[in-house]
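K.L.:
Got a structure for you, my_file_4.tsv, holding TSV, C-alpha atoms.
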chain	number	residue	atom	x	y	z
A	6	MET	CA	-182.77	-28.90	39.69
A	7	SER	CA	-180.95	-25.87	40.99
A	8	SER	CA	-182.21	-23.92	43.96
A	9	ALA	CA	-184.96	-21.35	43.50
A	10	GLY	CA	-182.73	-18.53	44.59
A	11	GLU	CA	-179.88	-18.90	42.13
A	12	PHE	CA	-179.47	-16.68	39.06
A	13	ILE	CA	-181.02	-17.97	35.84
A	14	ASP	CA	-180.53	-16.53	32.36
A	15	GLU	CA	-183.42	-14.55	30.94
A	16	LYS	CA	-186.13	-16.68	29.35
A	17	ARG	CA	-188.61	-15.32	26.82
A	18	VAL	CA	-192.08	-16.45	25.81
A	19	THR	CA	-192.09	-18.76	22.79
A	20	TRP	CA	-194.33	-18.56	19.72
A	21	ALA	CA	-195.94	-21.87	20.74
A	22	GLU	CA	-197.03	-20.33	24.04
A	23	LEU	CA	-198.51	-17.29	22.31
A	24	TYR	CA	-200.43	-19.52	19.91
A	25	PHE	CA	-201.57	-21.61	22.86
A	26	ASP	CA	-202.98	-18.45	24.47
A	27	LEU	CA	-205.40	-18.01	21.56
A	28	VAL	CA	-207.37	-20.99	22.85
A	29	PHE	CA	-207.82	-19.21	26.15
A	30	VAL	CA	-209.03	-16.06	24.44
A	31	PHE	CA	-211.96	-18.20	23.32
A	32	ALA	CA	-212.24	-19.91	26.71
A	33	ILE	CA	-212.56	-16.59	28.56
A	34	THR	CA	-215.21	-15.49	26.07
A	35	GLN	CA	-217.13	-18.69	26.85
A	36	VAL	CA	-216.89	-18.15	30.61
A	37	SER	CA	-218.08	-14.57	30.12
A	38	GLY	CA	-221.05	-15.86	28.13
A	39	LEU	CA	-221.95	-18.29	30.92
A	40	LEU	CA	-221.82	-15.47	33.46
A	41	HIS	CA	-223.83	-13.20	31.16
A	42	HIS	CA	-226.78	-15.60	31.16
A	43	HIS	CA	-226.65	-16.35	34.90
A	44	HIS	CA	-225.25	-13.53	37.01
A	45	ASP	CA	-226.99	-14.07	40.32
A	46	TRP	CA	-224.87	-15.38	43.20
A	47	GLY	CA	-225.44	-18.97	42.14
A	48	GLY	CA	-224.45	-18.14	38.55
A	49	VAL	CA	-221.28	-16.40	39.70
A	50	ALA	CA	-220.33	-19.43	41.81
A	51	ARG	CA	-220.96	-21.85	38.93
A	52	ALA	CA	-218.98	-19.70	36.51
A	53	LEU	CA	-216.07	-19.55	38.97
A	54	VAL	CA	-216.11	-23.34	39.45
A	55	VAL	CA	-215.81	-23.73	35.66
A	56	PHE	CA	-213.23	-20.98	35.28
A	57	VAL	CA	-210.76	-22.36	37.86
A	58	PRO	CA	-209.90	-25.55	35.90
A	59	VAL	CA	-209.64	-23.53	32.67
A	60	TYR	CA	-207.27	-21.12	34.40
A	61	TRP	CA	-205.33	-23.92	36.13
A	62	CYS	CA	-204.76	-25.64	32.79
A	63	TRP	CA	-203.15	-22.45	31.56
A	64	VAL	CA	-201.12	-22.09	34.79
A	65	GLY	CA	-199.86	-25.67	34.57
A	66	THR	CA	-198.71	-25.15	30.99
A	67	THR	CA	-197.04	-21.85	31.90
A	68	VAL	CA	-195.10	-23.35	34.81
A	69	GLN	CA	-194.05	-26.29	32.63
A	70	ALA	CA	-192.82	-23.86	29.97
A	71	ASN	CA	-191.05	-21.80	32.61
A	72	ILE	CA	-188.94	-24.58	34.10
A	73	ARG	CA	-188.13	-26.36	30.81
A	74	ASP	CA	-186.85	-25.52	27.37
A	75	VAL	CA	-190.11	-25.93	25.45
A	76	ASP	CA	-188.81	-24.71	22.10
A	77	THR	CA	-188.43	-28.31	20.90
A	78	PRO	CA	-190.68	-30.42	18.64
A	79	ARG	CA	-191.75	-32.66	21.54
A	80	ASP	CA	-192.72	-29.80	23.82
A	81	ARG	CA	-194.34	-27.74	21.06
A	82	LEU	CA	-196.56	-30.72	20.24
A	83	GLY	CA	-197.29	-31.13	23.95
A	84	ILE	CA	-198.34	-27.50	24.32
A	85	LEU	CA	-200.56	-27.81	21.23
A	86	ALA	CA	-202.11	-30.99	22.68
A	87	VAL	CA	-202.95	-29.13	25.88
A	88	GLY	CA	-204.37	-26.39	23.66
A	89	LEU	CA	-206.69	-28.91	21.99
A	90	ALA	CA	-207.85	-30.15	25.39
A	91	GLY	CA	-208.41	-26.52	26.40
A	92	LEU	CA	-210.46	-25.97	23.24
A	93	PHE	CA	-212.66	-28.93	24.18
A	94	MET	CA	-213.10	-27.41	27.63
A	95	ALA	CA	-214.02	-24.04	26.13
A	96	LEU	CA	-216.59	-25.67	23.84
A	97	ALA	CA	-218.11	-27.40	26.87
A	98	VAL	CA	-218.42	-24.28	29.05
A	99	PRO	CA	-221.86	-23.04	27.81
A	100	GLY	CA	-223.39	-26.45	28.49
A	101	ALA	CA	-221.14	-27.44	31.38
A	102	TYR	CA	-224.08	-27.85	33.75
A	103	GLU	CA	-226.22	-29.55	31.14
A	104	GLY	CA	-225.08	-32.07	28.54
A	105	ARG	CA	-221.42	-31.15	28.14
A	106	GLY	CA	-220.12	-31.80	31.63
A	107	VAL	CA	-218.28	-34.95	30.58
A	108	LEU	CA	-216.54	-33.07	27.77
A	109	LEU	CA	-215.33	-30.44	30.23
A	110	GLY	CA	-214.06	-33.04	32.69
A	111	ALA	CA	-212.45	-35.21	30.01
A	112	GLY	CA	-210.75	-32.20	28.40
A	113	TYR	CA	-209.32	-31.10	31.72
A	114	TRP	CA	-208.13	-34.58	32.67
A	115	ALA	CA	-206.50	-35.04	29.25
A	116	ALA	CA	-204.67	-31.72	29.61
A	117	ARG	CA	-203.29	-32.70	33.01
A	118	VAL	CA	-202.14	-36.08	31.69
A	119	VAL	CA	-200.29	-34.42	28.80
A	120	LEU	CA	-198.59	-31.98	31.18
A	121	LEU	CA	-197.49	-34.81	33.46
A	122	VAL	CA	-196.07	-36.75	30.51
A	123	LEU	CA	-194.11	-33.67	29.42
A	124	LEU	CA	-192.55	-33.50	32.89
A	125	ILE	CA	-192.27	-37.23	33.53
A	126	ARG	CA	-188.46	-37.09	33.65
A	127	VAL	CA	-188.52	-34.64	36.56
A	128	PRO	CA	-187.85	-36.63	39.77
A	129	GLY	CA	-190.90	-36.82	42.04
A	130	VAL	CA	-193.26	-35.00	39.65
A	131	TRP	CA	-196.04	-37.41	40.66
A	132	ARG	CA	-195.81	-36.16	44.23
A	133	GLY	CA	-196.75	-32.58	43.43
A	134	PRO	CA	-199.41	-30.40	41.79
A	135	TYR	CA	-199.09	-32.21	38.44
A	136	GLY	CA	-199.77	-35.54	40.15
A	137	VAL	CA	-202.78	-34.00	41.91
A	138	GLY	CA	-204.16	-32.96	38.53
A	139	VAL	CA	-203.92	-36.49	37.12
A	140	LEU	CA	-204.83	-38.52	40.21
A	141	VAL	CA	-207.32	-36.27	42.03
A	142	SER	CA	-208.79	-33.19	40.35
A	143	GLY	CA	-208.95	-34.66	36.84
A	144	PRO	CA	-210.98	-37.71	37.94
A	145	LEU	CA	-213.21	-35.49	40.11
A	146	LEU	CA	-214.08	-33.28	37.14
A	147	PHE	CA	-214.66	-36.27	34.86
A	148	VAL	CA	-216.89	-38.13	37.33
A	149	GLY	CA	-218.67	-34.89	38.19
A	150	GLY	CA	-219.61	-34.50	34.53
A	151	LEU	CA	-221.54	-37.78	34.76
A	152	LEU	CA	-223.68	-36.61	37.70
A	153	PRO	CA	-226.71	-34.28	38.05
A	154	GLU	CA	-226.06	-30.56	38.51
A	155	GLY	CA	-225.97	-30.47	42.33
A	156	PRO	CA	-223.47	-33.30	42.92
A	157	ARG	CA	-221.61	-32.20	39.77
A	158	THR	CA	-221.04	-28.72	41.19
A	159	VAL	CA	-219.85	-30.17	44.50
A	160	LEU	CA	-217.31	-32.49	42.87
A	161	TRP	CA	-216.09	-29.79	40.50
A	162	ALA	CA	-215.68	-27.33	43.36
A	163	LEU	CA	-213.76	-29.97	45.31
A	164	GLY	CA	-211.52	-30.61	42.28
A	165	ALA	CA	-210.88	-26.87	41.91
A	166	LEU	CA	-209.96	-26.59	45.60
A	167	CYS	CA	-207.56	-29.54	45.30
A	168	ASP	CA	-205.78	-27.84	42.41
A	169	LEU	CA	-205.58	-24.51	44.21
A	170	ALA	CA	-204.29	-26.18	47.37
A	171	GLY	CA	-201.57	-28.11	45.54
A	172	PRO	CA	-198.87	-25.38	45.57
A	173	VAL	CA	-199.45	-24.84	49.31
A	174	VAL	CA	-199.49	-28.53	50.27
A	175	PHE	CA	-196.32	-29.21	48.25
A	176	ARG	CA	-194.62	-25.94	49.13
A	177	ASN	CA	-191.43	-27.57	50.43
A	178	ARG	CA	-191.08	-29.84	47.42
A	179	LEU	CA	-191.55	-26.87	45.07
A	180	ALA	CA	-188.73	-25.03	46.83
A	181	ARG	CA	-186.27	-27.03	44.73
A	182	VAL	CA	-187.75	-25.81	41.43
A	183	ALA	CA	-185.64	-23.23	39.56
A	184	TYR	CA	-188.09	-20.66	38.17
A	185	HIS	CA	-187.09	-18.21	35.44
A	186	PRO	CA	-187.94	-14.79	36.91
A	187	SER	CA	-188.40	-12.91	33.63
A	188	HIS	CA	-190.69	-15.44	31.96
A	189	MET	CA	-193.35	-15.79	34.66
A	190	PRO	CA	-194.34	-12.09	34.97
A	191	GLU	CA	-194.53	-11.80	31.18
A	192	ARG	CA	-196.80	-14.84	30.87
A	193	PHE	CA	-199.26	-13.74	33.55
A	194	ALA	CA	-199.32	-10.20	32.20
A	195	LEU	CA	-200.25	-11.62	28.79
A	196	PHE	CA	-203.08	-13.63	30.34
A	197	LEU	CA	-204.44	-10.53	32.05
A	198	LEU	CA	-204.20	-8.75	28.70
A	199	VAL	CA	-206.32	-11.52	27.19
A	200	ALA	CA	-208.94	-10.89	29.88
A	201	LEU	CA	-208.85	-7.14	29.24
A	202	GLY	CA	-209.39	-7.93	25.57
A	203	GLU	CA	-212.64	-9.59	26.60
A	204	SER	CA	-213.75	-6.26	28.09
A	205	ILE	CA	-213.28	-4.69	24.65
A	206	VAL	CA	-215.34	-7.51	23.15
A	207	GLY	CA	-218.01	-6.91	25.79
A	208	ILE	CA	-218.21	-3.28	24.70
A	209	GLY	CA	-217.92	-3.70	20.95
A	210	ALA	CA	-220.03	-6.80	20.37
A	211	THR	CA	-222.95	-5.27	22.27
A	212	ALA	CA	-222.65	-1.82	20.70
A	213	ALA	CA	-222.41	-3.23	17.18
A	214	ALA	CA	-225.84	-4.86	17.57
A	215	VAL	CA	-227.76	-1.76	18.70
A	216	ARG	CA	-228.66	1.63	17.28
A	217	LEU	CA	-225.62	3.88	17.75
A	218	ASP	CA	-227.04	7.20	18.89
A	219	ALA	CA	-225.35	9.72	21.17
A	220	ALA	CA	-226.21	7.82	24.35
A	221	GLU	CA	-224.78	4.54	23.07
A	222	LEU	CA	-221.59	6.23	21.87
A	223	ALA	CA	-221.19	7.97	25.23
A	224	ALA	CA	-221.65	4.62	26.98
A	225	VAL	CA	-219.01	3.05	24.73
A	226	ALA	CA	-216.61	5.90	25.48
A	227	ALA	CA	-217.18	5.58	29.25
A	228	ALA	CA	-216.80	1.79	29.21
A	229	PHE	CA	-213.62	2.00	27.15
A	230	THR	CA	-212.24	4.59	29.58
A	231	ILE	CA	-212.82	2.14	32.44
A	232	SER	CA	-211.08	-0.63	30.50
A	233	CYS	CA	-208.14	1.69	29.78
A	234	GLY	CA	-207.99	2.63	33.45
A	235	LEU	CA	-207.83	-1.00	34.51
A	236	TRP	CA	-205.06	-1.61	31.97
A	237	TRP	CA	-203.20	1.44	33.29
A	238	GLN	CA	-203.40	0.16	36.87
A	239	TYR	CA	-201.57	-3.01	35.97
A	240	PHE	CA	-199.26	-2.29	33.07
A	241	VAL	CA	-198.08	1.21	33.98
A	242	TYR	CA	-197.49	0.59	37.69
A	243	ALA	CA	-197.96	-2.95	38.97
A	244	ALA	CA	-196.26	-5.02	36.25
A	245	ASP	CA	-192.80	-3.57	36.93
A	246	ALA	CA	-193.23	-3.93	40.69
A	247	MET	CA	-194.18	-7.60	40.26
A	248	ARG	CA	-191.24	-8.25	37.96
A	249	HIS	CA	-188.96	-6.55	40.47
A	250	ALA	CA	-190.39	-8.58	43.36
A	251	VAL	CA	-189.92	-11.98	41.72
A	252	THR	CA	-186.39	-11.05	40.64
A	253	VAL	CA	-185.14	-10.06	44.10
A	254	ALA	CA	-187.24	-12.40	46.24
A	255	ASP	CA	-185.53	-14.79	48.65
A	256	SER	CA	-188.23	-17.33	47.73
A	257	ARG	CA	-189.39	-17.03	44.13
A	258	ARG	CA	-191.67	-19.99	44.75
A	259	ASP	CA	-193.73	-18.00	47.28
A	260	VAL	CA	-193.98	-14.89	45.10
A	261	ILE	CA	-195.04	-16.95	42.09
A	262	ARG	CA	-197.63	-18.86	44.10
A	263	ARG	CA	-199.11	-15.93	46.00
A	264	VAL	CA	-198.83	-13.08	43.51
A	265	PHE	CA	-199.06	-14.81	40.15
A	266	GLN	CA	-200.96	-18.08	40.52
A	267	TYR	CA	-203.45	-16.87	43.15
A	268	GLY	CA	-203.37	-13.10	42.75
A	269	HIS	CA	-203.90	-13.20	39.01
A	270	LEU	CA	-206.84	-15.57	39.40
A	271	ALA	CA	-208.61	-12.78	41.28
A	272	LEU	CA	-207.43	-10.09	38.86
A	273	VAL	CA	-208.68	-11.98	35.82
A	274	ALA	CA	-211.96	-12.89	37.55
A	275	GLY	CA	-212.53	-9.22	38.32
A	276	VAL	CA	-211.89	-8.21	34.71
A	277	ILE	CA	-214.26	-10.89	33.41
A	278	ALA	CA	-217.00	-9.61	35.73
A	279	VAL	CA	-216.44	-6.05	34.48
A	280	ALA	CA	-216.52	-7.26	30.85
A	281	VAL	CA	-219.90	-8.91	31.39
A	282	GLY	CA	-221.12	-5.76	33.11
A	283	PHE	CA	-220.12	-3.73	30.06
A	284	GLY	CA	-222.35	-5.88	27.88
A	285	GLU	CA	-225.30	-5.17	30.16
A	286	THR	CA	-224.75	-1.40	30.37
A	287	VAL	CA	-223.85	-0.56	26.76
A	288	ALA	CA	-226.89	-2.46	25.44
A	289	ASP	CA	-229.36	0.14	26.76
A	290	PRO	CA	-227.61	3.01	28.54
A	291	ARG	CA	-230.85	4.86	29.36
A	292	GLN	CA	-232.35	2.06	31.43
A	293	ALA	CA	-231.60	1.34	35.08
A	294	LEU	CA	-229.58	-1.80	35.66
A	295	GLY	CA	-230.55	-4.66	37.89
A	296	ALA	CA	-228.61	-5.43	41.03
A	297	GLY	CA	-226.81	-8.32	39.33
A	298	SER	CA	-225.42	-6.22	36.49
A	299	VAL	CA	-224.26	-3.43	38.80
A	300	ALA	CA	-222.68	-6.01	41.11
A	301	LEU	CA	-220.69	-7.43	38.20
A	302	LEU	CA	-219.47	-4.03	37.06
A	303	TYR	CA	-218.70	-2.43	40.42
A	304	GLY	CA	-217.98	-5.67	42.26
A	305	GLY	CA	-215.56	-6.79	39.55
A	306	CYS	CA	-213.76	-3.45	39.62
A	307	GLY	CA	-213.64	-3.52	43.43
A	308	LEU	CA	-212.19	-7.04	43.40
A	309	TYR	CA	-209.58	-5.97	40.84
A	310	LEU	CA	-208.43	-3.04	42.96
A	311	LEU	CA	-208.49	-4.95	46.25
A	312	THR	CA	-206.33	-7.67	44.72
A	313	PHE	CA	-203.54	-5.14	44.26
A	314	GLY	CA	-203.70	-4.57	48.00
A	315	TYR	CA	-203.17	-8.31	48.46
A	316	THR	CA	-200.33	-8.56	45.91
A	317	ARG	CA	-198.47	-5.56	47.30
A	318	TRP	CA	-198.64	-6.96	50.80
A	319	MET	CA	-197.43	-10.37	49.60
A	320	MET	CA	-194.53	-8.80	47.71
A	321	PHE	CA	-193.36	-6.03	50.03
A	322	ARG	CA	-195.40	-6.19	53.25
A	323	ALA	CA	-196.71	-2.70	52.48
A	324	VAL	CA	-200.28	-1.38	52.26
A	325	SER	CA	-201.63	-0.20	48.90
A	326	THR	CA	-203.60	2.66	50.43
A	327	THR	CA	-204.83	4.40	47.28
A	328	ARG	CA	-206.20	1.27	45.63
A	329	ILE	CA	-207.81	-0.09	48.77
A	330	VAL	CA	-209.53	3.25	49.41
A	331	ALA	CA	-210.68	3.37	45.78
A	332	ALA	CA	-212.03	-0.18	46.06
A	333	VAL	CA	-213.97	0.70	49.21
A	334	VAL	CA	-215.49	3.74	47.46
A	335	VAL	CA	-216.45	1.68	44.40
A	336	LEU	CA	-218.05	-1.07	46.49
A	337	GLY	CA	-219.75	1.49	48.73
A	338	LEU	CA	-221.42	3.11	45.72
A	339	LEU	CA	-222.77	-0.22	44.47
A	340	PRO	CA	-226.19	-0.03	46.23
A	341	VAL	CA	-226.68	3.58	45.07
A	342	MET	CA	-226.09	2.71	41.41
A	343	VAL	CA	-228.86	0.10	41.15
A	344	ARG	CA	-231.63	2.61	40.38
A	345	LEU	CA	-229.64	4.95	38.14
A	346	PRO	CA	-229.45	4.81	34.32
A	347	ALA	CA	-226.66	2.66	32.94
A	348	ILE	CA	-224.88	5.63	31.37
A	349	VAL	CA	-224.61	7.29	34.80
A	350	VAL	CA	-223.31	4.06	36.33
A	351	LEU	CA	-220.59	3.88	33.66
A	352	VAL	CA	-219.62	7.55	33.85
A	353	VAL	CA	-219.30	7.51	37.65
A	354	LEU	CA	-217.07	4.44	37.56
A	355	ALA	CA	-214.98	5.93	34.74
A	356	VAL	CA	-214.44	9.12	36.76
A	357	LEU	CA	-213.38	7.12	39.82
A	358	VAL	CA	-210.89	4.98	37.87
A	359	VAL	CA	-209.42	8.01	36.10
A	360	ALA	CA	-209.17	9.92	39.39
A	361	LEU	CA	-207.30	6.99	40.96
A	362	ASN	CA	-204.81	6.94	38.11
A	363	VAL	CA	-204.30	10.71	38.35
A	364	VAL	CA	-203.64	10.49	42.10
A	365	GLU	CA	-201.13	7.71	41.59
A	366	HIS	CA	-199.47	9.57	38.73
A	367	VAL	CA	-198.95	12.55	41.03
A	368	ARG	CA	-197.54	10.31	43.76
A	369	VAL	CA	-195.16	8.66	41.31
A	370	GLY	CA	-194.00	12.05	40.05
A	371	ARG	CA	-193.29	13.26	43.55
A	372	ALA	CA	-191.43	10.06	44.45
A	373	ALA	CA	-189.34	10.35	41.29
A	374	ALA	CA	-188.50	13.97	42.12
A	375	VAL	CA	-187.37	12.97	45.61
A	376	ALA	CA	-185.27	10.14	44.16
A	377	ARG	CA	-183.56	12.49	41.69
A	378	SER	CA	-182.85	15.16	44.28
A	379	THR	CA	-181.58	12.94	47.09
A	380	GLY	CA	-179.89	10.08	45.19
A	381	PRO	CA	-180.53	6.34	44.94
A	382	ALA	CA	-179.92	5.57	48.59
A	383	ALA	CA	-182.86	7.70	49.69
A	384	ALA	CA	-185.21	6.16	47.15
A	385	VAL	CA	-185.48	2.84	48.95
A	386	PRO	CA	-187.82	4.01	51.79
A	387	THR	CA	-190.21	5.45	49.18
A	388	ALA	CA	-190.74	2.04	47.67
A	389	GLU	CA	-191.67	-1.22	49.29
A	390	PRO	CA	-188.92	-2.62	51.54
A	391	ALA	CA	-187.64	-5.12	48.98
A	392	PRO	CA	-183.93	-5.97	48.71
A	393	VAL	CA	-182.47	-4.09	45.75
A	394	ALA	CA	-179.02	-3.48	44.32
A	395	PRO	CA	-178.09	0.08	45.27
A	396	ALA	CA	-175.96	0.64	42.21
A	397	THR	CA	-178.61	0.15	39.53
A	398	GLY	CA	-182.29	0.68	39.01
A	399	VAL	CA	-183.35	1.72	42.52
A	400	ALA	CA	-184.53	5.18	41.59
A	401	ALA	CA	-186.57	3.79	38.72
A	402	GLU	CA	-188.19	1.02	40.80
A	403	ALA	CA	-189.07	3.24	43.76
A	404	PRO	CA	-191.73	5.47	42.18
A	405	VAL	CA	-193.31	2.55	40.33
A	406	ALA	CA	-193.61	0.42	43.44
A	407	ALA	CA	-194.76	3.38	45.56
A	408	ALA	CA	-197.87	3.79	43.43
A	409	GLU	CA	-198.93	0.18	43.38
Rewrite the structure of this file - the entire thing - as structure tokens.

P.N.:
Amino acid sequence: MSSAGEFIDEKRVTWAELYFDLVFVFAITQVSGLLHHHHDWGGVARALVVFVPVYWCWVGTTVQANIRDVDTPRDRLGILAVGLAGLFMALAVPGAYEGRGVLLGAGYWAARVVLLVLLIRVPGVWRGPYGVGVLVSGPLLFVGGLLPEGPRTVLWALGALCDLAGPVVFRNRLARVAYHPSHMPERFALFLLVALGESIVGIGATAAAVRLDAAELAAVAAAFTISCGLWWQYFVYAADAMRHAVTVADSRRDVIRRVFQYGHLALVAGVIAVAVGFGETVADPRQALGAGSVALLYGGCGLYLLTFGYTRWMMFRAVSTTRIVAAVVVLGLLPVMVRLPAIVVLVVLAVLVVALNVVEHVRVGRAAAVARSTGPAAAVPTAEPAPVAPATGVAAEAPVAAAE
């Protein structure tokens, strides 16, 4: 393969990949349902242990589609086969710690085998993350499904850690992979959009089953405002900065691993927690929430915002001050919100998210004004210190990156 730093023609998402994503719409709904029924600390940990292999199946398929031409009959069938394995995993999630553990483990192992077969012609593919999936994490999940809940959770957590460690352990080997810079940001943005869709389901499915009086409608409006605010944080500001970072990076491998594979795991987990929190708050907006429900709503939002601090540092070695401060405020309010009615909890969070977006909008406007008045050369210090081509696009990238 060519080096990671060389120029590669633009690659777009295929219809097979978009169809494949529909399986993971269902899978995220299933993980949300598991978290809804058990949202103490133990329940959160168990849901995360189940979610990681679901997410890593999607990541493995996305990387495979990124480095290969998958618009062929063989690869389309391979992607659909992984989709079937993912569907089996999704069906197993509600009973993953009961009678469906084997189905979850077998579905995951099958998906990893299919992905390895699709890449079998790549030299040394066994000695990398795809080999880890077939030889280590897949067997751990399958054997774990045969064991009681305690040992099962330990083996599954170990399998998840092995998968997550793979890109770090094989970092040097992955340096020779030629990633398509336009495809990867689009794929991960679509996955986050799937997770945000679950927040809409969390609002609508709950509201549709209760009496819709003024309080319920106000709760729906507040929850939807929060969901819109989370969407705005990513797709108005961060998405362009991430696309810019992976395009100009000296090591695309590191940006993809740190920002996309790891960073988006936290982003999606935060959105799922918020989605479950919506279901708890919209159901009865007059009642006070328990600590678990407030922790999901405010903790998920705090995690989402803090992750942008991590991604910005990984991309540009710059501090995302506004989002980190907002996350600290959100998490600091968590203990106060436990005794308040759900509608108040929602409205306060909605106000905070909207205020954050307004502040960043003002900052972006000011940065854009400076860029227009002083020229492209002066726009670079406003943004993160990433290498950019001075002749094109600098003024446009600067205000976007400055907000993130």

K.L.:
I want to know what sits within 6 Å of segment 274-287 of chain A, based on all atoms listed in the file, with residues of the same chain fewer than 4 positions away left out; could you give that as a count of residues only?

P.N.:
13

K.L.:
So that I can check the surroundings of Gly88 of chain A, please list as a VMD selection string every protein, DNA and RNA residue that reaches within 12 Å of it, counting all atoms listed in the file and ignoring chain neighbours fewer than 3 positions away.

P.N.:
chain A and resid 21 to 32 59 62 to 63 65 to 67 81 to 85 91 to 95 112 to 113 115 to 117 119 to 120

K.L.:
Point out the residue among A:Val98, A:Val18, A:Gln69, A:Thr77 with the least atom-to-atom distance to Tyr184 of chain A, counting all atoms listed in the file.

P.N.:
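Residue with the minimum atom-to-atom distance to Tyr184 of chain A: A:Gln69.
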
K.L.:
To one decimal place, how far is atom CA of Ala332 of chain A from atom CA of Ala50 of chain A in Å?

P.N.:
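These two atoms are separated by 21.4 Å.
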
K.L.:
Restricting the calculation to all atoms listed in the file: of A:Ile231, A:Val206, A:Ala323, A:Val264, which residue gets closest to Val352 of chain A?

P.N.:
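Closest residue, counting all atoms listed in the file: A:Ile231.
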
K.L.:
Take atom CA of Asp80 of chain A and atom CA of Arg192 of chain A and report the distance between them in Å, one decimal.

P.N.:
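Spanning atom CA of Asp80 of chain A to atom CA of Arg192 of chain A is a straight-line distance of 17.0 Å.
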
K.L.:
Write out as an mmCIF file with C-alpha atoms, keeping the file's coordinate frame the residues lying within 12 Å of Phe265 of chain A, counting all atoms listed in the file and excluding same-chain residues fewer than 3 positions away.

P.N.:
data_model
loop_
_atom_site.group_PDB
_atom_site.id
_atom_site.type_symbol
_atom_site.label_atom_id
_atom_site.label_comp_id
_atom_site.auth_asym_id
_atom_site.auth_seq_id
_atom_site.Cartn_x
_atom_site.Cartn_y
_atom_site.Cartn_z
ATOM 1 C CA TYR A 60 -207.270 -21.120 34.400
ATOM 2 C CA TRP A 61 -205.330 -23.920 36.130
ATOM 3 C CA VAL A 64 -201.120 -22.090 34.790
ATOM 4 C CA THR A 67 -197.040 -21.850 31.900
ATOM 5 C CA VAL A 68 -195.100 -23.350 34.810
ATOM 6 C CA PRO A 172 -198.870 -25.380 45.570
ATOM 7 C CA PRO A 186 -187.940 -14.790 36.910
ATOM 8 C CA HIS A 188 -190.690 -15.440 31.960
ATOM 9 C CA MET A 189 -193.350 -15.790 34.660
ATOM 10 C CA PRO A 190 -194.340 -12.090 34.970
ATOM 11 C CA GLU A 191 -194.530 -11.800 31.180
ATOM 12 C CA ARG A 192 -196.800 -14.840 30.870
ATOM 13 C CA PHE A 193 -199.260 -13.740 33.550
ATOM 14 C CA ALA A 194 -199.320 -10.200 32.200
ATOM 15 C CA LEU A 195 -200.250 -11.620 28.790
ATOM 16 C CA PHE A 196 -203.080 -13.630 30.340
ATOM 17 C CA LEU A 197 -204.440 -10.530 32.050
ATOM 18 C CA ALA A 243 -197.960 -2.950 38.970
ATOM 19 C CA ALA A 244 -196.260 -5.020 36.250
ATOM 20 C CA MET A 247 -194.180 -7.600 40.260
ATOM 21 C CA ARG A 248 -191.240 -8.250 37.960
ATOM 22 C CA ALA A 250 -190.390 -8.580 43.360
ATOM 23 C CA VAL A 251 -189.920 -11.980 41.720
ATOM 24 C CA ARG A 257 -189.390 -17.030 44.130
ATOM 25 C CA ARG A 258 -191.670 -19.990 44.750
ATOM 26 C CA ASP A 259 -193.730 -18.000 47.280
ATOM 27 C CA VAL A 260 -193.980 -14.890 45.100
ATOM 28 C CA ILE A 261 -195.040 -16.950 42.090
ATOM 29 C CA ARG A 262 -197.630 -18.860 44.100
ATOM 30 C CA GLY A 268 -203.370 -13.100 42.750
ATOM 31 C CA HIS A 269 -203.900 -13.200 39.010
ATOM 32 C CA LEU A 270 -206.840 -15.570 39.400
ATOM 33 C CA ALA A 271 -208.610 -12.780 41.280
ATOM 34 C CA LEU A 272 -207.430 -10.090 38.860
ATOM 35 C CA VAL A 273 -208.680 -11.980 35.820
ATOM 36 C CA THR A 312 -206.330 -7.670 44.720
ATOM 37 C CA PHE A 313 -203.540 -5.140 44.260
ATOM 38 C CA TYR A 315 -203.170 -8.310 48.460
ATOM 39 C CA THR A 316 -200.330 -8.560 45.910
ATOM 40 C CA ARG A 317 -198.470 -5.560 47.300
ATOM 41 C CA MET A 319 -197.430 -10.370 49.600
ATOM 42 C CA MET A 320 -194.530 -8.800 47.710
#

K.L.:
Distance atom CA of Val199 of chain A-atom CA of Gly234 of chain A, one decimal place?

P.N.:
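Between these atoms lies a distance of 15.6 Å.
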
K.L.:
Using only C-alpha atoms, which protein or nucleic acid residues come within 12 Å of Gly48 of chain A? Drop anything in the same chain fewer than 6 positions from it, and give the result as an NGL selection string.

P.N.:
:A and (36-42 or 54-55 or 102 or 158 or 278 or 297 or 301)

K.L.:
Please provide the set of residues having any atom within 9 Å of Ala214 of chain A, restricted to all atoms listed in the file, with same-chain residues fewer than 4 positions apart removed, written as a PyMOL selection string.

P.N.:
chain A and resi 209-210+288

K.L.:
Which of these, A:Pro340, A:Pro290, A:Pro128, A:Gly164, has the shortest distance to Leu140 of chain A once you count all atoms listed in the file?

P.N.:
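Answer, going by the shortest atom-to-atom distance: A:Gly164.
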
K.L.:
Considering only C-alpha atoms, state which residue in the set A:Asn71, A:Thr34, A:Ala373, A:Gly307 is at the smallest distance from Phe56 of chain A.

P.N.:
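Of A:Asn71, A:Thr34, A:Ala373, A:Gly307, the one nearest Phe56 of chain A is A:Thr34, counting only C-alpha atoms.
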
K.L.:
Emit as lines of an AutoDock Vina configuration file the padded axis-aligned box for all listed atoms of segment 255-258 of chain A, 3 Å per side, with centre and edge lengths in Å to one decimal.

P.N.:
center_x = -188.6
center_y = -17.4
center_z = 46.4
size_x = 12.1
size_y = 11.2
size_z = 10.5

K.L.:
Could you check the closest approach to Arg344 of chain A for each of A:Arg291, A:Arg79, A:Ala101, A:Glu154 and tell me which residue wins, using all atoms listed in the file?

P.N.:
A:Arg291

K.L.:
Rank nothing, just name the residue among A:Leu311, A:Gly138, A:Val349, A:Leu152 nearest to Val335 of chain A, using all atoms listed in the file.

P.N.:
A:Leu311
